[in-house]
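Reviewing the structure listed below.
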Amino acid sequence: MTTTIPVRLAERSYDVLVGPGVRTALPGVVRRLGARRAVVVSARPPAWVPGTGVETLLLPARDGEHDKQLSTVEDLCGEFARFGLTRSDVVVSCGGGTTTDVVGLAAALYHRGVAVVHLPTSLLAQVDASVGGKTAVNLAAGKNLVGAYWQPSAVLCDTDYLTTLPRRELRNGLGEIARCHFIGAPDLRDRTLPEQIAASVTLKAGIVAQDERDTGRRHLLNYGHTLGHALEIATDFALRHGEAVAIGTVFAGRLAGALGRIDQSGVDEHLAVVRHYGLPAALPAGVDPEVLVRQMHRDKKAITGLAFVLAGPRGAELVSDVPERVVTGVLAGMPRDSLENLVGATEAAAS
C-alpha cells in the first residue's frame, strides 16, 4: 500500500510517496520534469537504483558525517559539469540523510538550481532528512552551518529499502520518530513502521507548508537537536544522529521541567518515550559539559544566547535566552554511561 503525502508550497509543491516499491515511480517523475539527462548519486549498490528512463550518470557516494563537507559538493558539481548536466535536467539522490543533504546542496548550487529527486534509503532519511528542502554540510565549527533551502521535486520513500538496514541504523531513525511525540504527532508507539513514517512525514509536511524557511513554527522540528548536534560533534559522530537526538529529547524534557514549563510527569514522559524505542537516554561519560554548552552556543537558533525548543503549557515552542547556569545544572543532573554501553544498548534493543 502506498501513501501519498503532499507538501504544499505553491509552485514548489511536491508529493512524498511512502510504501513498498515506490522507487519504480522514478522514471515517471523524470518524464514529468522534462529532463533529458539525470545524474544519480548513490551510496547504495547499483542494483538498488531504479532506471530513470533517460541518459544517466551514476556516481558513487558514501553515507556518513565525515563526507558531509563542501569539498564533496564541489566534487559533485564538477562531475555534473563534465557530464553536461543542464538546469533543465535532474539530480537523484539514493542513500541516507547525509547523502540527501549533500546531493540536495549540490543541486541547489549547480547552475543556481537544478531539480532534485530523493530516494531515501535509511529510516532517518525517510522520516526527516529527505523532506522539507533543507540542505547543508558541516564545518569544523559545527553541524549544518553551510546550506540552502532547495525543495525536491519528489521524494520516494521505498520501505523495501529498510529491510536491508543494520539494526542500529533502523534504531537511529526511531530517534526522529520519538521526538515527533512532543511536537504534535499522535502517539506512534503502537503503530507499524510504515504508519510511523507516514505520520512523521505528514507532521513535517504540515509544518514546512506553514514555515518553509525556519522563521517560526519550523523550529519545532529541532526538538532535541540542540544538544543532539553538540553530542554528535563532541563524540566525533560515534553517536549517530538519531541516538544523539534521543538523548537531546530527554534533556529537553529535564530542561523544560527545570524552567517550570512542565511538571514531573511531563519530564518522565520524555524518558518513557525514548526508552520505548530502545534509544539511549544518558550522556556519554567522557563528554565535558563545557564543550557541549560551547557547541550549543553555535546553534543556528542561538541568536542572543542559548535557545531550545521546549515543551510548555502552549505546547512545544522556541525558548530563547535560557540561562546558562540552568542548562549546566540540568546537564550535571543527567545520568552518565560509557559511549560503548550507550551504543551497545542501542544495538541490543534493536535485536
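Here's how to read the names in the C-alpha cells: chain A, B, ... by the order shown, residue numbers from 1 in each chain, ligand numbers from 1 in the order shown.
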Please list as a CSV table (one decimal) with C-alpha atoms, in the first residue's frame every residue within 7 Å of Lys134 of chain A, counting only C-alpha atoms and excluding residues in the same chain fewer than 3 positions away.
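Contents of part.csv, freshly written:
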chain,number,residue,atom,x,y,z
A,148,ALA,CA,20.4,26.3,1.3
A,149,TYR,CA,16.7,25.7,1.1
A,150,TRP,CA,16.1,23.7,-2.1
Which residues of segment 132-230 of chain A have any atom within 12 Å of an atom in segment 37-44 of chain A when counting only C-alpha atoms, and what is the closest pair of atoms for each, with the distance in Å to one decimal? Order the rows by chain and rising number and write it as a tab-separated table.
residue	atom	partner	partner_atom	distance
A:Tyr161	CA	A:Arg44	CA	10.0
A:Thr164	CA	A:Arg44	CA	10.6
A:Leu165	CA	A:Arg44	CA	11.1
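With distances restricted to only C-alpha atoms, A:Thr226 is the closest residue to Val327 of chain A from A:Asn341, A:Thr3, A:Thr226, A:Ser200.
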#### Entry: Selection near segment 285-292 of chain A, 6 Å with only C-alpha atoms, sequence-local residues under 4 positions removed, as number ranges by chain
A: 230, 336-338
### Query
Hey, which of A:Leu105, A:Ala115, A:Val22, A:Ala178 ends up closest to Asn144 of chain A? Count only C-alpha atoms.
A:Leu105
### Task
Do a neighbour search on Val30 of chain A at 12 Å with only C-alpha atoms, toss out local chain neighbours closer than 6 positions, and write the hits as a PyMOL selection string.
chain A and resi 23-24+36-40+50-56+88-92+115-118+153-154
Selection from above, N, CA and C atoms, as a PDB file, in the first residue's frame, can you write it?
ATOM      1  N   ARG A  23      10.052   3.241  -5.444  1.00  0.00           N
ATOM      2  CA  ARG A  23      11.194   3.721  -6.228  1.00  0.00           C
ATOM      3  C   ARG A  23      10.939   3.551  -7.724  1.00  0.00           C
ATOM      4  N   THR A  24      10.047   2.628  -8.103  1.00  0.00           N
ATOM      5  CA  THR A  24       9.765   2.409  -9.527  1.00  0.00           C
ATOM      6  C   THR A  24       9.000   3.570 -10.142  1.00  0.00           C
ATOM      7  N   ARG A  36      16.191  15.502 -19.801  1.00  0.00           N
ATOM      8  CA  ARG A  36      16.766  14.629 -20.821  1.00  0.00           C
ATOM      9  C   ARG A  36      17.985  13.876 -20.303  1.00  0.00           C
ATOM     10  N   ARG A  37      18.526  14.351 -19.190  1.00  0.00           N
ATOM     11  CA  ARG A  37      19.665  13.695 -18.567  1.00  0.00           C
ATOM     12  C   ARG A  37      19.465  13.670 -17.063  1.00  0.00           C
ATOM     13  N   ALA A  38      20.071  12.676 -16.424  1.00  0.00           N
ATOM     14  CA  ALA A  38      19.995  12.564 -14.968  1.00  0.00           C
ATOM     15  C   ALA A  38      21.353  12.148 -14.422  1.00  0.00           C
ATOM     16  N   VAL A  39      21.693  12.701 -13.283  1.00  0.00           N
ATOM     17  CA  VAL A  39      22.837  12.219 -12.520  1.00  0.00           C
ATOM     18  C   VAL A  39      22.282  11.593 -11.247  1.00  0.00           C
ATOM     19  N   VAL A  40      22.583  10.327 -11.028  1.00  0.00           N
ATOM     20  CA  VAL A  40      22.160   9.624  -9.828  1.00  0.00           C
ATOM     21  C   VAL A  40      23.369   9.480  -8.920  1.00  0.00           C
ATOM     22  N   PRO A  50      16.711   2.411  -9.325  1.00  0.00           N
ATOM     23  CA  PRO A  50      15.865   2.145 -10.493  1.00  0.00           C
ATOM     24  C   PRO A  50      16.337   2.952 -11.687  1.00  0.00           C
ATOM     25  N   GLY A  51      15.936   2.528 -12.867  1.00  0.00           N
ATOM     26  CA  GLY A  51      16.237   3.298 -14.058  1.00  0.00           C
ATOM     27  C   GLY A  51      15.521   4.643 -14.037  1.00  0.00           C
ATOM     28  N   THR A  52      16.103   5.605 -14.748  1.00  0.00           N
ATOM     29  CA  THR A  52      15.489   6.932 -14.819  1.00  0.00           C
ATOM     30  C   THR A  52      14.708   7.141 -16.109  1.00  0.00           C
ATOM     31  N   GLY A  53      14.969   6.320 -17.120  1.00  0.00           N
ATOM     32  CA  GLY A  53      14.313   6.485 -18.410  1.00  0.00           C
ATOM     33  C   GLY A  53      15.018   7.457 -19.332  1.00  0.00           C
ATOM     34  N   VAL A  54      16.126   8.054 -18.868  1.00  0.00           N
ATOM     35  CA  VAL A  54      16.888   8.982 -19.702  1.00  0.00           C
ATOM     36  C   VAL A  54      18.368   8.665 -19.560  1.00  0.00           C
ATOM     37  N   GLU A  55      19.211   9.333 -20.356  1.00  0.00           N
ATOM     38  CA  GLU A  55      20.657   9.144 -20.248  1.00  0.00           C
ATOM     39  C   GLU A  55      21.100   9.484 -18.822  1.00  0.00           C
ATOM     40  N   THR A  56      21.849   8.572 -18.201  1.00  0.00           N
ATOM     41  CA  THR A  56      22.126   8.704 -16.767  1.00  0.00           C
ATOM     42  C   THR A  56      23.596   8.485 -16.449  1.00  0.00           C
ATOM     43  N   SER A  88      17.851  22.212 -16.868  1.00  0.00           N
ATOM     44  CA  SER A  88      16.568  21.582 -17.191  1.00  0.00           C
ATOM     45  C   SER A  88      16.601  20.076 -16.955  1.00  0.00           C
ATOM     46  N   ASP A  89      17.733  19.560 -16.429  1.00  0.00           N
ATOM     47  CA  ASP A  89      17.867  18.130 -16.154  1.00  0.00           C
ATOM     48  C   ASP A  89      17.567  17.849 -14.683  1.00  0.00           C
ATOM     49  N   VAL A  90      18.009  16.695 -14.181  1.00  0.00           N
ATOM     50  CA  VAL A  90      17.628  16.306 -12.824  1.00  0.00           C
ATOM     51  C   VAL A  90      18.777  15.570 -12.137  1.00  0.00           C
ATOM     52  N   VAL A  91      18.877  15.784 -10.844  1.00  0.00           N
ATOM     53  CA  VAL A  91      19.802  15.044  -9.985  1.00  0.00           C
ATOM     54  C   VAL A  91      18.962  14.168  -9.065  1.00  0.00           C
ATOM     55  N   VAL A  92      19.420  12.944  -8.829  1.00  0.00           N
ATOM     56  CA  VAL A  92      18.718  11.996  -7.967  1.00  0.00           C
ATOM     57  C   VAL A  92      19.661  11.549  -6.865  1.00  0.00           C
ATOM     58  N   ALA A 115      16.712  20.562 -10.662  1.00  0.00           N
ATOM     59  CA  ALA A 115      15.732  19.720  -9.962  1.00  0.00           C
ATOM     60  C   ALA A 115      16.422  18.539  -9.288  1.00  0.00           C
ATOM     61  N   VAL A 116      15.915  18.176  -8.102  1.00  0.00           N
ATOM     62  CA  VAL A 116      16.452  17.026  -7.374  1.00  0.00           C
ATOM     63  C   VAL A 116      15.302  16.148  -6.912  1.00  0.00           C
ATOM     64  N   VAL A 117      15.516  14.842  -6.997  1.00  0.00           N
ATOM     65  CA  VAL A 117      14.554  13.850  -6.508  1.00  0.00           C
ATOM     66  C   VAL A 117      15.292  12.988  -5.493  1.00  0.00           C
ATOM     67  N   HIS A 118      14.661  12.756  -4.356  1.00  0.00           N
ATOM     68  CA  HIS A 118      15.299  11.962  -3.307  1.00  0.00           C
ATOM     69  C   HIS A 118      14.694  10.565  -3.224  1.00  0.00           C
ATOM     70  N   SER A 153      11.763  17.784  -6.110  1.00  0.00           N
ATOM     71  CA  SER A 153      10.602  17.679  -6.999  1.00  0.00           C
ATOM     72  C   SER A 153       9.733  16.487  -6.643  1.00  0.00           C
ATOM     73  N   ALA A 154      10.292  15.543  -5.901  1.00  0.00           N
ATOM     74  CA  ALA A 154       9.551  14.382  -5.403  1.00  0.00           C
ATOM     75  C   ALA A 154      10.441  13.664  -4.404  1.00  0.00           C
TER      76      ALA A 154
END
Taking the backbone alone, and naming residues the way the document does, which bits of segment 94-212 of chain A are alpha helix (DSSP H) by DSSP, as a PDB file with C-alpha atoms, in the first residue's frame?
ATOM      1  CA  GLY A  97      20.359  11.524   5.345  1.00  0.00           C
ATOM      2  CA  THR A  98      23.905  12.754   4.787  1.00  0.00           C
ATOM      3  CA  THR A  99      23.712  11.823   1.098  1.00  0.00           C
ATOM      4  CA  THR A 100      20.354  13.586   0.833  1.00  0.00           C
ATOM      5  CA  ASP A 101      21.848  16.721   2.416  1.00  0.00           C
ATOM      6  CA  VAL A 102      24.986  16.816   0.284  1.00  0.00           C
ATOM      7  CA  VAL A 103      23.284  15.990  -3.015  1.00  0.00           C
ATOM      8  CA  GLY A 104      20.482  18.443  -2.268  1.00  0.00           C
ATOM      9  CA  LEU A 105      23.011  21.234  -1.675  1.00  0.00           C
ATOM     10  CA  ALA A 106      24.927  20.379  -4.862  1.00  0.00           C
ATOM     11  CA  ALA A 107      21.656  20.503  -6.830  1.00  0.00           C
ATOM     12  CA  ALA A 108      20.774  23.855  -5.237  1.00  0.00           C
ATOM     13  CA  LEU A 109      24.126  25.402  -6.194  1.00  0.00           C
ATOM     14  CA  LEU A 123      14.734   5.264   8.130  1.00  0.00           C
ATOM     15  CA  LEU A 124      16.158   8.566   9.354  1.00  0.00           C
ATOM     16  CA  ARG A 167      19.591  -2.988  13.279  1.00  0.00           C
ATOM     17  CA  ARG A 168      21.378   0.023  14.703  1.00  0.00           C
ATOM     18  CA  GLU A 169      20.589   2.101  11.609  1.00  0.00           C
ATOM     19  CA  LEU A 170      16.883   1.338  11.978  1.00  0.00           C
ATOM     20  CA  ARG A 171      17.039   2.421  15.614  1.00  0.00           C
ATOM     21  CA  ASN A 172      18.816   5.585  14.505  1.00  0.00           C
ATOM     22  CA  GLY A 173      15.735   6.619  12.539  1.00  0.00           C
ATOM     23  CA  LEU A 174      13.479   5.961  15.506  1.00  0.00           C
ATOM     24  CA  GLY A 175      15.189   8.855  17.291  1.00  0.00           C
ATOM     25  CA  GLU A 176      13.472  11.256  14.905  1.00  0.00           C
ATOM     26  CA  ILE A 177      10.150   9.432  15.261  1.00  0.00           C
ATOM     27  CA  ALA A 178      10.397   9.618  19.072  1.00  0.00           C
ATOM     28  CA  ARG A 179      10.793  13.405  19.072  1.00  0.00           C
ATOM     29  CA  CYS A 180       7.604  13.737  16.955  1.00  0.00           C
ATOM     30  CA  LEU A 193       6.786   1.232  10.875  1.00  0.00           C
ATOM     31  CA  PRO A 194       5.178   2.421   7.572  1.00  0.00           C
ATOM     32  CA  GLU A 195       2.476   4.162   9.635  1.00  0.00           C
ATOM     33  CA  GLN A 196       5.149   5.815  11.789  1.00  0.00           C
ATOM     34  CA  ILE A 197       6.958   7.033   8.667  1.00  0.00           C
ATOM     35  CA  ALA A 198       3.778   8.399   7.086  1.00  0.00           C
ATOM     36  CA  ALA A 199       2.701  10.137  10.292  1.00  0.00           C
ATOM     37  CA  SER A 200       6.134  11.706  10.784  1.00  0.00           C
ATOM     38  CA  VAL A 201       6.242  12.937   7.184  1.00  0.00           C
ATOM     39  CA  THR A 202       2.674  14.259   7.422  1.00  0.00           C
ATOM     40  CA  LEU A 203       3.575  16.237  10.540  1.00  0.00           C
ATOM     41  CA  LYS A 204       6.701  17.668   8.913  1.00  0.00           C
ATOM     42  CA  ALA A 205       4.901  18.486   5.660  1.00  0.00           C
ATOM     43  CA  GLY A 206       2.290  20.492   7.544  1.00  0.00           C
ATOM     44  CA  ILE A 207       4.915  22.439   9.478  1.00  0.00           C
ATOM     45  CA  VAL A 208       7.051  23.124   6.392  1.00  0.00           C
ATOM     46  CA  ALA A 209       3.982  24.351   4.479  1.00  0.00           C
ATOM     47  CA  GLN A 210       3.446  26.960   7.212  1.00  0.00           C
TER      48      GLN A 210
END
### Query
Which one of A:Ala332, A:Asn222, A:Glu232, A:Leu239 sits closest to Val319 of chain A if you count only C-alpha atoms?
A:Asn222
#### Entry: Selected residue of minimal separation from Gly315 of chain A among A:Ile233, A:Ala256, A:Leu58, A:Leu188, counting only C-alpha atoms
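Of all the options, A:Ala256 lies closest to Gly315 of chain A.
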### Message
Just checking: using only C-alpha atoms, which residue out of A:Arg82, A:Pro152, A:Cys157, A:Gly64 ends up closest to Val137 of chain A?
### Response
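So, comparing all the options, the nearest one is A:Gly64.
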